[in-house]
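S.K.: So that you have it, the file is upload_4.txt, and it contains compact mmCIF, C-alpha atoms:
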```txt
# COMPACT_ATOMS: atom_id res chain seq x y z
CA MET M 22 -9.38 -157.17 62.66
CA GLN M 23 -9.30 -158.28 59.07
CA GLU M 24 -12.44 -159.45 57.45
CA TRP M 25 -11.29 -162.66 55.87
CA LEU M 26 -12.25 -163.55 52.44
CA ARG M 27 -14.53 -166.06 50.98
CA THR M 28 -12.13 -168.59 49.63
CA GLU M 29 -14.07 -170.96 47.44
CA ILE M 30 -16.49 -170.54 44.63
CA VAL M 31 -19.03 -173.26 44.08
CA ASP M 32 -19.51 -173.89 40.40
CA ASP M 33 -23.07 -175.05 40.63
CA ALA M 34 -24.24 -172.39 43.04
CA PRO M 35 -27.45 -170.69 41.96
CA VAL M 36 -26.78 -167.57 39.96
CA ASP M 37 -28.64 -164.31 40.15
CA ASP M 38 -27.90 -160.88 38.80
CA GLU M 39 -25.75 -159.85 41.68
CA GLU M 40 -23.65 -162.98 41.55
CA GLU M 41 -22.82 -162.41 37.94
CA LEU M 42 -20.66 -159.55 39.12
CA LEU M 43 -18.56 -161.88 41.19
CA PRO M 44 -15.27 -162.93 39.73
CA GLU M 45 -14.31 -166.42 38.63
CA ARG M 46 -10.84 -166.47 40.11
CA LYS M 47 -9.87 -167.17 43.65
CA TYR M 48 -8.48 -164.45 45.82
CA PRO M 49 -5.72 -164.86 48.30
CA ALA M 50 -6.80 -164.91 51.90
CA ASN M 51 -3.51 -163.53 53.15
CA GLN M 52 -1.68 -160.27 53.46
CA GLY M 53 1.77 -160.02 51.92
CA PHE M 54 4.60 -160.77 54.32
CA VAL M 55 8.14 -162.09 54.42
CA LEU M 56 8.68 -164.96 56.81
CA TRP M 57 12.42 -165.44 57.10
CA LEU M 58 13.71 -168.75 58.46
CA THR M 59 17.32 -168.50 59.62
CA GLY M 60 19.38 -171.28 61.15
CA LEU M 61 22.17 -173.76 60.66
CA SER M 62 22.26 -176.21 57.78
CA GLY M 63 20.13 -179.17 58.87
CA SER M 64 18.20 -177.18 61.47
CA GLY M 65 14.93 -177.82 59.63
CA LYS M 66 14.34 -174.57 57.71
CA SER M 67 13.29 -176.19 54.44
CA SER M 68 11.04 -178.74 56.13
CA ILE M 69 9.26 -175.99 58.02
CA ALA M 70 9.02 -173.88 54.85
CA ARG M 71 7.43 -176.70 52.84
CA LYS M 72 5.00 -177.74 55.56
CA LEU M 73 4.02 -174.13 56.12
CA GLU M 74 3.56 -173.62 52.38
CA GLN M 75 1.15 -176.54 52.35
CA GLU M 76 -0.78 -175.22 55.35
CA LEU M 77 -1.06 -171.76 53.82
CA LYS M 78 -2.23 -173.13 50.49
CA GLU M 79 -4.95 -174.99 52.32
CA ARG M 80 -6.00 -171.63 53.68
CA SER M 81 -6.16 -170.22 50.14
CA CYS M 82 -3.10 -168.05 50.62
CA LEU M 83 -0.80 -166.99 47.82
CA VAL M 84 2.57 -168.37 48.85
CA GLU M 85 6.08 -168.79 47.45
CA VAL M 86 9.00 -170.55 49.08
CA LEU M 87 12.40 -169.02 48.34
CA ASP M 88 14.82 -171.72 49.33
CA GLY M 89 18.48 -170.84 49.68
CA ASP M 90 19.66 -173.66 47.43
CA ILE M 91 17.19 -172.84 44.67
CA ILE M 92 18.04 -169.16 44.86
CA ARG M 93 21.74 -169.88 44.63
CA THR M 94 21.03 -171.69 41.36
CA ASN M 95 18.70 -169.10 39.89
CA LEU M 96 19.90 -165.77 41.20
CA SER M 97 23.30 -166.17 42.74
CA LYS M 98 25.34 -168.58 40.68
CA GLY M 99 28.93 -167.51 40.95
CA LEU M 100 28.63 -166.13 44.46
CA GLY M 101 30.78 -167.83 47.08
CA TYR M 102 30.56 -168.11 50.84
CA SER M 103 32.54 -165.11 52.02
CA ARG M 104 30.74 -162.74 54.35
CA GLU M 105 30.30 -160.33 51.46
CA ASP M 106 28.98 -162.93 49.04
CA ARG M 107 26.65 -164.42 51.63
CA ASN M 108 25.23 -160.98 52.36
CA THR M 109 24.83 -160.24 48.66
CA ASN M 110 22.90 -163.48 48.34
CA ILE M 111 20.69 -162.49 51.28
CA ARG M 112 20.05 -159.05 49.80
CA ARG M 113 18.96 -160.61 46.51
CA ILE M 114 16.57 -162.98 48.22
CA GLY M 115 15.26 -160.03 50.22
CA PHE M 116 14.76 -158.00 47.04
CA VAL M 117 12.66 -160.76 45.49
CA ALA M 118 10.79 -161.55 48.71
CA ASN M 119 9.88 -157.90 49.03
CA LEU M 120 8.57 -157.74 45.44
CA LEU M 121 6.34 -160.70 46.21
CA SER M 122 5.24 -159.48 49.62
CA ARG M 123 4.21 -156.03 48.45
CA ASN M 124 1.99 -157.72 45.88
CA GLY M 125 0.15 -159.75 48.48
CA VAL M 126 2.20 -162.94 48.41
CA ALA M 127 3.36 -164.79 51.51
CA ALA M 128 7.09 -165.13 50.83
CA ILE M 129 8.70 -167.84 52.93
CA VAL M 130 12.48 -167.73 52.87
CA ALA M 131 14.65 -170.62 54.03
CA ALA M 132 18.27 -169.49 54.07
CA ILE M 133 21.06 -169.90 56.63
CA SER M 134 21.58 -166.10 56.62
CA PRO M 135 24.29 -166.28 59.30
CA TYR M 136 24.95 -162.57 59.82
CA GLN M 137 22.90 -160.47 62.22
CA GLU M 138 23.63 -157.24 60.37
CA ALA M 139 22.25 -158.55 57.07
CA ARG M 140 19.11 -159.77 58.81
CA GLU M 141 18.66 -156.42 60.55
CA ASN M 142 19.00 -154.66 57.21
CA LEU M 143 16.24 -156.84 55.85
CA ARG M 144 14.01 -156.05 58.78
CA ALA M 145 14.60 -152.34 58.27
CA THR M 146 13.78 -152.40 54.56
CA THR M 147 11.01 -154.99 54.39
CA GLU M 148 7.40 -154.44 55.33
CA ASN M 149 5.86 -157.24 57.37
CA PHE M 150 9.19 -158.93 58.06
CA ILE M 151 9.00 -161.84 60.47
CA GLU M 152 12.22 -163.46 61.61
CA VAL M 153 12.07 -167.10 62.67
CA PHE M 154 15.10 -168.56 64.37
CA VAL M 155 15.18 -172.27 63.56
CA ASN M 156 17.20 -173.24 66.57
CA ALA M 157 18.77 -176.67 66.82
CA PRO M 158 22.13 -177.35 68.46
CA LEU M 159 25.03 -177.83 66.09
CA GLU M 160 25.55 -181.41 67.26
CA VAL M 161 21.94 -182.25 66.38
CA CYS M 162 22.25 -180.68 62.94
CA GLU M 163 25.52 -182.46 62.38
CA ALA M 164 24.07 -185.81 63.49
CA ARG M 165 21.19 -185.34 61.04
CA ASP M 166 23.56 -184.27 58.24
CA VAL M 167 20.75 -184.54 55.70
CA LYS M 168 22.90 -183.49 52.77
CA GLY M 169 26.15 -185.03 53.96
CA LEU M 170 27.70 -181.57 54.08
CA TYR M 171 28.88 -181.64 57.71
CA ALA M 172 30.92 -184.78 57.01
CA MET M 173 32.50 -183.06 54.02
CA ALA M 174 33.18 -179.93 56.07
CA ARG M 175 34.80 -181.98 58.87
CA ALA M 176 36.90 -183.76 56.27
CA GLY M 177 37.99 -180.40 54.91
CA GLU M 178 36.41 -181.14 51.54
CA ILE M 179 34.33 -177.97 51.71
CA ARG M 180 35.39 -174.74 53.34
CA ALA M 181 33.57 -171.87 55.03
CA PHE M 182 30.79 -174.13 56.24
CA THR M 183 28.53 -172.38 58.72
CA GLY M 184 28.92 -173.78 62.21
CA ILE M 185 32.16 -175.60 61.41
CA ASP M 186 34.64 -173.07 60.09
CA ASP M 187 32.32 -170.15 59.41
CA PRO M 188 30.28 -168.22 61.98
CA TYR M 189 26.57 -168.30 62.68
CA GLU M 190 25.39 -165.26 64.59
CA GLU M 191 22.27 -166.27 66.51
CA PRO M 192 19.34 -163.85 66.26
CA THR M 193 19.17 -161.71 69.38
CA ASN M 194 15.54 -160.74 69.02
CA PRO M 195 13.71 -163.08 66.64
CA ASP M 196 9.95 -162.92 66.32
CA ILE M 197 9.61 -166.68 66.68
CA VAL M 198 11.98 -169.44 67.82
CA CYS M 199 11.42 -173.02 66.71
CA TYR M 200 13.38 -175.54 68.80
CA THR M 201 13.45 -178.29 66.23
CA ALA M 202 15.45 -180.68 68.38
CA GLU M 203 12.59 -180.72 70.89
CA GLU M 204 9.50 -179.87 68.89
CA THR M 205 7.86 -181.92 66.14
CA LEU M 206 7.62 -180.33 62.70
CA GLU M 207 3.91 -179.89 63.29
CA GLU M 208 4.54 -178.07 66.57
CA SER M 209 7.03 -175.69 64.96
CA VAL M 210 4.66 -174.93 62.11
CA ALA M 211 1.71 -174.47 64.48
CA LYS M 212 3.72 -171.91 66.43
CA ILE M 213 4.36 -169.92 63.27
CA LEU M 214 0.72 -170.14 62.19
CA VAL M 215 -0.43 -168.72 65.52
CA GLU M 216 1.94 -165.79 65.15
CA LEU M 217 0.78 -165.14 61.57
CA GLU M 218 -2.83 -165.26 62.70
CA GLN M 219 -2.19 -162.86 65.55
CA ARG M 220 -0.62 -160.42 63.12
CA ASP M 221 -3.63 -160.72 60.83
CA CYS M 222 -1.34 -161.93 58.06
CA ILE M 223 -3.42 -165.03 57.42
CA PRO M 224 -7.01 -166.04 58.13
CA PRO M 225 -7.60 -167.45 61.61
CA LYS M 226 -8.38 -170.99 60.52
CA PRO M 227 -9.11 -173.03 57.41
CA GLN M 228 -12.49 -171.91 56.20
CA ILE M 229 -14.66 -172.56 53.25
CA GLU M 230 -17.36 -170.05 52.62
CA PHE M 231 -19.70 -169.83 49.72
CA PHE M 232 -21.02 -166.95 47.74
CA ILE M 233 -24.54 -166.65 49.03
CA MET A 26 -14.54 -163.39 28.51
CA GLN A 27 -13.35 -162.40 31.94
CA GLU A 28 -15.77 -160.91 34.36
CA TRP A 29 -13.83 -157.92 35.52
CA LEU A 30 -13.67 -157.02 39.09
CA ARG A 31 -15.09 -154.29 41.16
CA THR A 32 -12.12 -152.14 41.76
CA GLU A 33 -13.01 -149.61 44.39
CA ILE A 34 -14.55 -149.74 47.79
CA VAL A 35 -16.41 -146.73 49.08
CA ASP A 36 -15.67 -146.16 52.73
CA ASP A 37 -18.94 -144.54 53.60
CA ALA A 38 -21.11 -146.96 51.70
CA PRO A 39 -24.06 -148.24 53.70
CA VAL A 40 -23.29 -151.49 55.44
CA ASP A 41 -25.57 -154.42 55.84
CA ASP A 42 -24.95 -157.96 56.94
CA GLU A 43 -23.94 -159.20 53.57
CA GLU A 44 -21.51 -156.38 53.00
CA GLU A 45 -19.72 -157.10 56.20
CA LEU A 46 -18.39 -160.18 54.51
CA LEU A 47 -16.73 -158.10 51.86
CA PRO A 48 -13.03 -157.51 52.25
CA GLU A 49 -11.36 -154.20 52.88
CA ARG A 50 -8.49 -154.62 50.49
CA LYS A 51 -8.47 -153.99 46.79
CA TYR A 52 -8.15 -156.81 44.34
CA PRO A 53 -6.15 -156.72 41.19
CA ALA A 54 -8.15 -156.45 38.02
CA ASN A 55 -5.51 -158.20 35.94
CA GLN A 56 -4.24 -161.66 35.22
CA GLY A 57 -0.58 -162.37 35.79
CA PHE A 58 1.59 -161.95 32.70
CA VAL A 59 5.12 -161.07 31.66
CA LEU A 60 5.37 -158.25 29.15
CA TRP A 61 8.92 -158.25 27.88
CA LEU A 62 10.21 -155.10 26.17
CA THR A 63 13.32 -155.79 24.10
CA GLY A 64 15.24 -153.26 22.03
CA LEU A 65 18.36 -151.16 21.73
CA SER A 66 19.51 -148.77 24.42
CA GLY A 67 17.54 -145.56 23.88
CA SER A 68 14.76 -147.25 21.92
CA GLY A 69 12.21 -146.24 24.54
CA LYS A 70 11.74 -149.42 26.60
CA SER A 71 11.81 -147.74 30.01
CA SER A 72 9.53 -144.90 28.93
CA ILE A 73 6.98 -147.38 27.63
CA ALA A 74 7.32 -149.48 30.79
CA ARG A 75 6.68 -146.51 33.09
CA LYS A 76 3.77 -145.14 31.09
CA LEU A 77 2.24 -148.59 30.87
CA GLU A 78 2.72 -149.10 34.61
CA GLN A 79 0.79 -145.90 35.23
CA GLU A 80 -2.02 -146.92 32.88
CA LEU A 81 -2.30 -150.35 34.48
CA LYS A 82 -2.36 -148.90 37.97
CA GLU A 83 -5.20 -146.67 36.90
CA ARG A 84 -7.01 -149.85 35.93
CA SER A 85 -6.40 -151.28 39.42
CA CYS A 86 -3.86 -153.81 38.19
CA LEU A 87 -1.05 -155.20 40.30
CA VAL A 88 2.07 -154.24 38.38
CA GLU A 89 5.84 -154.28 38.79
CA VAL A 90 8.42 -152.88 36.42
CA LEU A 91 11.68 -154.82 36.26
CA ASP A 92 14.06 -152.43 34.62
CA GLY A 93 17.36 -153.76 33.33
CA ASP A 94 19.43 -151.14 35.14
CA ILE A 95 17.71 -151.69 38.47
CA ILE A 96 18.00 -155.44 38.13
CA ARG A 97 21.70 -155.18 37.36
CA THR A 98 22.10 -153.36 40.67
CA ASN A 99 19.94 -155.65 42.75
CA LEU A 100 20.33 -159.08 41.23
CA SER A 101 23.23 -159.09 38.84
CA LYS A 102 26.02 -156.98 40.25
CA GLY A 103 29.26 -158.49 39.05
CA LEU A 104 27.86 -159.75 35.77
CA GLY A 105 29.42 -158.31 32.65
CA TYR A 106 28.26 -157.95 29.08
CA SER A 107 29.49 -161.15 27.48
CA ARG A 108 26.84 -163.25 25.74
CA GLU A 109 26.89 -165.64 28.70
CA ASP A 110 26.58 -162.92 31.33
CA ARG A 111 23.86 -161.11 29.42
CA ASN A 112 21.88 -164.33 29.15
CA THR A 113 22.38 -165.06 32.85
CA ASN A 114 21.01 -161.62 33.59
CA ILE A 115 18.00 -162.28 31.36
CA ARG A 116 17.36 -165.65 33.02
CA ARG A 117 17.38 -164.00 36.45
CA ILE A 118 14.93 -161.34 35.38
CA GLY A 119 12.80 -164.09 33.85
CA PHE A 120 12.89 -166.07 37.09
CA VAL A 121 11.65 -163.10 39.10
CA ALA A 122 9.10 -162.03 36.47
CA ASN A 123 7.70 -165.54 36.46
CA LEU A 124 7.37 -165.60 40.26
CA LEU A 125 5.40 -162.37 40.07
CA SER A 126 3.30 -163.38 37.08
CA ARG A 127 2.20 -166.69 38.57
CA ASN A 128 0.94 -164.77 41.59
CA GLY A 129 -1.24 -162.50 39.52
CA VAL A 130 1.13 -159.58 39.00
CA ALA A 131 1.65 -157.84 35.67
CA ALA A 132 5.44 -157.99 35.33
CA ILE A 133 6.77 -155.47 32.84
CA VAL A 134 10.39 -156.05 31.90
CA ALA A 135 12.52 -153.43 30.14
CA ALA A 136 15.83 -155.00 29.17
CA ILE A 137 17.87 -154.90 25.97
CA SER A 138 17.91 -158.74 25.90
CA PRO A 139 19.80 -158.87 22.63
CA TYR A 140 19.82 -162.62 22.02
CA GLN A 141 16.97 -164.40 20.30
CA GLU A 142 17.75 -167.73 21.93
CA ALA A 143 17.48 -166.32 25.45
CA ARG A 144 14.17 -164.69 24.58
CA GLU A 145 12.85 -167.91 23.07
CA ASN A 146 13.85 -169.76 26.24
CA LEU A 147 11.83 -167.27 28.24
CA ARG A 148 8.81 -167.74 26.03
CA ALA A 149 9.06 -171.50 26.42
CA THR A 150 9.27 -171.40 30.21
CA THR A 151 6.97 -168.47 31.06
CA GLU A 152 3.21 -168.55 31.12
CA ASN A 153 1.55 -165.54 29.49
CA PHE A 154 4.76 -164.28 27.93
CA ILE A 155 4.31 -161.34 25.59
CA GLU A 156 7.29 -160.12 23.61
CA VAL A 157 7.32 -156.47 22.58
CA PHE A 158 9.96 -155.37 20.09
CA VAL A 159 10.70 -151.72 20.80
CA ASN A 160 11.96 -150.96 17.34
CA ALA A 161 13.84 -147.77 16.62
CA PRO A 162 16.70 -147.47 14.12
CA LEU A 163 20.16 -147.41 15.63
CA GLU A 164 20.77 -143.89 14.32
CA VAL A 165 17.67 -142.62 16.09
CA CYS A 166 18.69 -144.27 19.37
CA GLU A 167 22.19 -142.91 18.99
CA ALA A 168 20.91 -139.40 18.25
CA ARG A 169 18.74 -139.53 21.39
CA ASP A 170 21.62 -140.94 23.49
CA VAL A 171 19.65 -140.35 26.68
CA LYS A 172 22.35 -141.71 28.94
CA GLY A 173 25.33 -140.56 26.90
CA LEU A 174 26.35 -144.18 26.45
CA TYR A 175 26.53 -144.20 22.65
CA ALA A 176 29.06 -141.36 22.72
CA MET A 177 31.13 -143.30 25.22
CA ALA A 178 30.87 -146.46 23.13
CA ARG A 179 31.91 -144.62 19.96
CA ALA A 180 34.84 -143.14 21.88
CA GLY A 181 35.83 -146.63 22.98
CA GLU A 182 35.29 -145.75 26.62
CA ILE A 183 32.87 -148.62 27.07
CA ARG A 184 33.04 -151.94 25.28
CA ALA A 185 30.53 -154.54 24.18
CA PHE A 186 27.82 -151.93 23.71
CA THR A 187 24.77 -153.34 21.94
CA GLY A 188 24.39 -151.95 18.44
CA ILE A 189 27.93 -150.57 18.32
CA ASP A 190 30.35 -153.40 19.00
CA ASP A 191 27.94 -156.04 20.33
CA PRO A 192 25.07 -157.65 18.42
CA TYR A 193 21.34 -157.10 18.72
CA GLU A 194 19.33 -159.93 17.24
CA GLU A 195 15.96 -158.53 16.20
CA PRO A 196 12.92 -160.56 17.25
CA THR A 197 11.67 -162.62 14.33
CA ASN A 198 8.17 -163.13 15.65
CA PRO A 199 7.34 -160.59 18.38
CA ASP A 200 3.80 -160.28 19.68
CA ILE A 201 3.86 -156.52 19.35
CA VAL A 202 6.16 -154.06 17.59
CA CYS A 203 6.39 -150.45 18.73
CA TYR A 204 8.01 -148.17 16.17
CA THR A 205 9.10 -145.49 18.56
CA ALA A 206 10.74 -143.32 15.92
CA GLU A 207 7.36 -142.89 14.27
CA GLU A 208 4.81 -143.38 17.02
CA THR A 209 4.22 -141.20 20.06
CA LEU A 210 4.72 -142.80 23.46
CA GLU A 211 0.94 -142.76 23.89
CA GLU A 212 0.46 -144.60 20.60
CA SER A 213 2.95 -147.28 21.53
CA VAL A 214 1.37 -147.79 24.91
CA ALA A 215 -2.14 -147.83 23.43
CA LYS A 216 -1.06 -150.59 21.06
CA ILE A 217 0.13 -152.70 23.98
CA LEU A 218 -3.02 -152.04 25.99
CA VAL A 219 -5.19 -153.24 23.11
CA GLU A 220 -3.21 -156.47 22.88
CA LEU A 221 -3.44 -157.01 26.66
CA GLU A 222 -7.18 -156.43 26.53
CA GLN A 223 -7.63 -158.84 23.65
CA ARG A 224 -5.79 -161.51 25.63
CA ASP A 225 -8.02 -160.84 28.64
CA CYS A 226 -4.94 -159.98 30.67
CA ILE A 227 -6.38 -156.64 31.77
CA PRO A 228 -9.87 -155.17 32.03
CA PRO A 229 -11.17 -153.58 28.85
CA LYS A 230 -11.18 -150.01 30.11
CA PRO A 231 -10.75 -147.99 33.29
CA GLN A 232 -13.76 -148.64 35.43
CA ILE A 233 -14.86 -147.75 38.88
CA GLU A 234 -17.60 -149.86 40.37
CA PHE A 235 -18.95 -149.78 43.85
CA PHE A 236 -20.15 -152.44 46.19
CA ILE A 237 -23.90 -152.08 46.01
```
Spell out the structure here as structure tokens.
M.R.:
Amino acid sequence: MQEWLRTEIVDDAPVDDEEELLPERKYPANQGFVLWLTGLSGSGKSSIARKLEQELKERSCLVEVLDGDIIRTNLSKGLGYSREDRNTNIRRIGFVANLLSRNGVAAIVAAISPYQEARENLRATTENFIEVFVNAPLEVCEARDVKGLYAMARAGEIRAFTGIDDPYEEPTNPDIVCYTAEETLEESVAKILVELEQRDCIPPKPQIEFFI
Amino acid sequence: MQEWLRTEIVDDAPVDDEEELLPERKYPANQGFVLWLTGLSGSGKSSIARKLEQELKERSCLVEVLDGDIIRTNLSKGLGYSREDRNTNIRRIGFVANLLSRNGVAAIVAAISPYQEARENLRATTENFIEVFVNAPLEVCEARDVKGLYAMARAGEIRAFTGIDDPYEEPTNPDIVCYTAEETLEESVAKILVELEQRDCIPPKPQIEFFI
């Protein structure tokens, strides 16, 4: 069992000689890990990622969200949506997530990542890799159509759209499944938090302790 | 002045109630920063990066080296050596370095990064950005020709090689200059360490303290 860290420093706490040795900065309360959210467009990956980020920050964790769209802008401009390009994109995100994770950061990835093989490669090469299948039926995702992309794909305005004219290989053995058509966002996030706690990746509950 | 951290935990130290609160993991002794080594191929960027990495690890710092060659493999496969592609490569390295830095990691970048504008953009968008000009005359770099690339460039076997048929814009206002034709590797690294200490980015000297 981890011994979780004191997460807050009180500025006006009484100071004695021993306390002067204590640092001024905050320390992360988490271990490094890569939490990988895979699922169809509109399944709720980004919403879960953002809510989880917020929850982890409240627990004094170091956390970064690597969102597929942002990564495509910053690391993968020019890549398309072929199987090869999609897998290259996934490898790049994995490379960065791993750099963060091995330095103690909780790296939350939200990316369709449709191919089983690419995800298995990540699992094999990444320490503390946790795969979350964000599972909502295609018709639910399409009805949501948050970004209007399904309509464009149906109209043939965009090609190689996952779930329409490009495959999505469902995870066969994910660590967590969030059924976002049936669960609330809070329920999905709670499920992930429990798993992270059980793995000792994060502290068991929000806690504020003082240097005494 | 920073209060630098206790960097080692002694396993067999006597335990009392208060100590049981102390964590088992090590904490970094550094602040996050991006140390950017720019210079010609063969100027000594990678050697400085590796030696510096070692020194920082000995000071219990969290450190990652982002080497241009490795990054080209992992993040920028497919990019060429046009001004645009080179700057895209630099932006990607900067994106990753910044993610690391803002999570408390010392990110050491070794990349030719020949264009002043791209470097200035980095400085403007990166907290704790430190530019190191690894300055060796072209003829020295060419005489070293560690990777045999200068010979190939002179023979016309590779094109757009910095210093031969592609420009290198020298930094006009670098934070540190290492004259690697005149200094030893140790002298160059020592110069950087002094600057990092003065900026309170790293602890002032190797130290081992125990939980008492």
S.K.: Identify, on the basis of only C-alpha atoms, every residue whose closest approach to Leu159 of chain M does not exceed 9 Å; exclude the query and any residue fewer than 5 positions from it along the same chain; express the result as a PDB file with C-alpha atoms, in the coordinates of the input.
M.R.:
```
ATOM      1  CA  LEU M  61      22.170-173.760  60.660  1.00  0.00           C
ATOM      2  CA  SER M  62      22.260-176.210  57.780  1.00  0.00           C
ATOM      3  CA  GLY M  63      20.130-179.170  58.870  1.00  0.00           C
ATOM      4  CA  SER M  64      18.200-177.180  61.470  1.00  0.00           C
ATOM      5  CA  ALA M 164      24.070-185.810  63.490  1.00  0.00           C
ATOM      6  CA  GLY M 184      28.920-173.780  62.210  1.00  0.00           C
ATOM      7  CA  ILE M 185      32.160-175.600  61.410  1.00  0.00           C
TER       8      ILE M 185
END
```
S.K.: Counting all atoms listed in the file, which residue out of A:Arg117, A:Arg169, A:Arg111, A:Lys76 sits closest to Phe186 of chain A?
M.R.: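 Residue with the minimum atom-to-atom distance to Phe186 of chain A: A:Arg111.
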S.K.: Pick the closest to chain A from M:Leu206, M:Val198, M:Met173, M:Ile111: which is it, counting only C-alpha atoms?
M.R.: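 Among the listed residues, M:Ile111 lies closest to chain A.
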S.K.: Could you work out how far atom CA of Ala149 of chain A lies from atom CA of Pro53 of chain A, giving the answer in Å with one decimal?
M.R.: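 These atoms are spaced 25.8 Å apart.
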S.K.: Enter the distance from atom CA of Ser68 of chain M to atom CA of Ala128 of chain M, in Å, rounded to one decimal.
M.R.: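 Atom-to-atom, atom CA of Ser68 of chain M and atom CA of Ala128 of chain M are spaced 15.1 Å apart.
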S.K.: If I take atom CA of Gly173 of chain A and atom CA of Thr187 of chain A, how far is one from the other in Å, to one decimal?
M.R.: 13.7 Å
S.K.: Tell me which protein, DNA and RNA residues are within 10 Å of Thr197 of chain A, counting all atoms listed in the file, leaving out same-chain ones fewer than 2 positions away, and put them as a ChimeraX atom specification.
M.R.: /A:141,158,194-195,199-200
S.K.: Keeping only C-alpha atoms, write those residues as a short mmCIF file (atom, residue, chain, number, x, y, z; two decimals), in the coordinates of the input.
M.R.:
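Contents of selection_17.cif, freshly written:
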```cif
data_model
loop_
_atom_site.label_atom_id
_atom_site.label_comp_id
_atom_site.auth_asym_id
_atom_site.auth_seq_id
_atom_site.Cartn_x
_atom_site.Cartn_y
_atom_site.Cartn_z
CA GLN A 141 16.97 -164.40 20.30
CA PHE A 158 9.96 -155.37 20.09
CA GLU A 194 19.33 -159.93 17.24
CA GLU A 195 15.96 -158.53 16.20
CA PRO A 199 7.34 -160.59 18.38
CA ASP A 200 3.80 -160.28 19.68
#
```
S.K.: Counting all atoms listed in the file, which of M:Ala181, M:Leu170, M:Leu83, M:Cys162 gets nearest to chain A?
M.R.: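 That would be M:Leu83, the residue with the smallest distance to chain A.
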S.K.: Here is a test: counting only C-alpha atoms, which residue of A:Asn114, A:Arg84, A:Trp61, A:Arg75 is nearest to chain M?
M.R.: A:Asn114
S.K.: Using all atoms listed in the file, determine which residues lie at most 10 Å from Gly125 of chain M, disregarding the query and same-chain residues fewer than 6 positions distant; provide the list as a list in words.
M.R.: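 That gives Pro49, Ala50, Asn51, Gln52, Gly53, Phe54, Cys82, Leu83, Val84, Asn119 and Cys222 of chain M; Tyr52, Leu87, Asn128, Gly129 and Val130 of chain A.
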S.K.: Kindly indicate which residue among M:Leu77, M:Leu120, M:Leu56, M:Ile197 lies nearest to chain A, using only C-alpha atoms for the distances.
M.R.: M:Leu120
S.K.: For the point (5.8, -154.7, 29.9) in file coordinates, what residues are within 8 Å, counting all atoms listed in the file? Give the answer as a short mmCIF file (atom, residue, chain, number, x, y, z; two decimals) with C-alpha atoms, in the frame of the given file?
M.R.:
```cif
data_model
loop_
_atom_site.label_atom_id
_atom_site.label_comp_id
_atom_site.auth_asym_id
_atom_site.auth_seq_id
_atom_site.Cartn_x
_atom_site.Cartn_y
_atom_site.Cartn_z
CA VAL A 59 5.12 -161.07 31.66
CA LEU A 60 5.37 -158.25 29.15
CA TRP A 61 8.92 -158.25 27.88
CA LEU A 62 10.21 -155.10 26.17
CA ILE A 73 6.98 -147.38 27.63
CA ALA A 74 7.32 -149.48 30.79
CA LEU A 77 2.24 -148.59 30.87
CA GLU A 78 2.72 -149.10 34.61
CA VAL A 90 8.42 -152.88 36.42
CA ALA A 131 1.65 -157.84 35.67
CA ALA A 132 5.44 -157.99 35.33
CA ILE A 133 6.77 -155.47 32.84
CA VAL A 134 10.39 -156.05 31.90
CA ALA A 135 12.52 -153.43 30.14
CA VAL A 157 7.32 -156.47 22.58
#
```
S.K.: N, CA and C atoms for segment 167-176 of chain A, written as a short mmCIF file (atom, residue, chain, number, x, y, z; two decimals), keeping the file's coordinate frame, could you do that?
M.R.:
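Below is the file rebuild_16.cif, written as the result:
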```
data_model
loop_
_atom_site.label_atom_id
_atom_site.label_comp_id
_atom_site.auth_asym_id
_atom_site.auth_seq_id
_atom_site.Cartn_x
_atom_site.Cartn_y
_atom_site.Cartn_z
N GLU A 167 20.89 -143.55 18.75
CA GLU A 167 22.19 -142.91 18.99
C GLU A 167 22.03 -141.39 19.05
N ALA A 168 21.15 -140.85 18.23
CA ALA A 168 20.91 -139.40 18.25
C ALA A 168 20.27 -138.98 19.58
N ARG A 169 19.36 -139.83 20.08
CA ARG A 169 18.74 -139.53 21.39
C ARG A 169 19.81 -139.59 22.48
N ASP A 170 20.55 -140.66 22.52
CA ASP A 170 21.62 -140.94 23.49
C ASP A 170 21.32 -140.41 24.89
N VAL A 171 20.17 -140.85 25.40
CA VAL A 171 19.65 -140.35 26.68
C VAL A 171 20.67 -140.43 27.81
N LYS A 172 21.41 -141.51 27.84
CA LYS A 172 22.35 -141.71 28.94
C LYS A 172 23.80 -141.38 28.56
N GLY A 173 23.97 -140.89 27.35
CA GLY A 173 25.33 -140.56 26.90
C GLY A 173 26.21 -141.78 26.64
N LEU A 174 25.57 -142.96 26.57
CA LEU A 174 26.35 -144.18 26.45
C LEU A 174 26.87 -144.43 25.03
N TYR A 175 26.08 -144.00 24.03
CA TYR A 175 26.53 -144.20 22.65
C TYR A 175 27.81 -143.41 22.39
N ALA A 176 27.84 -142.18 22.89
CA ALA A 176 29.06 -141.36 22.72
C ALA A 176 30.25 -142.06 23.35
#
```
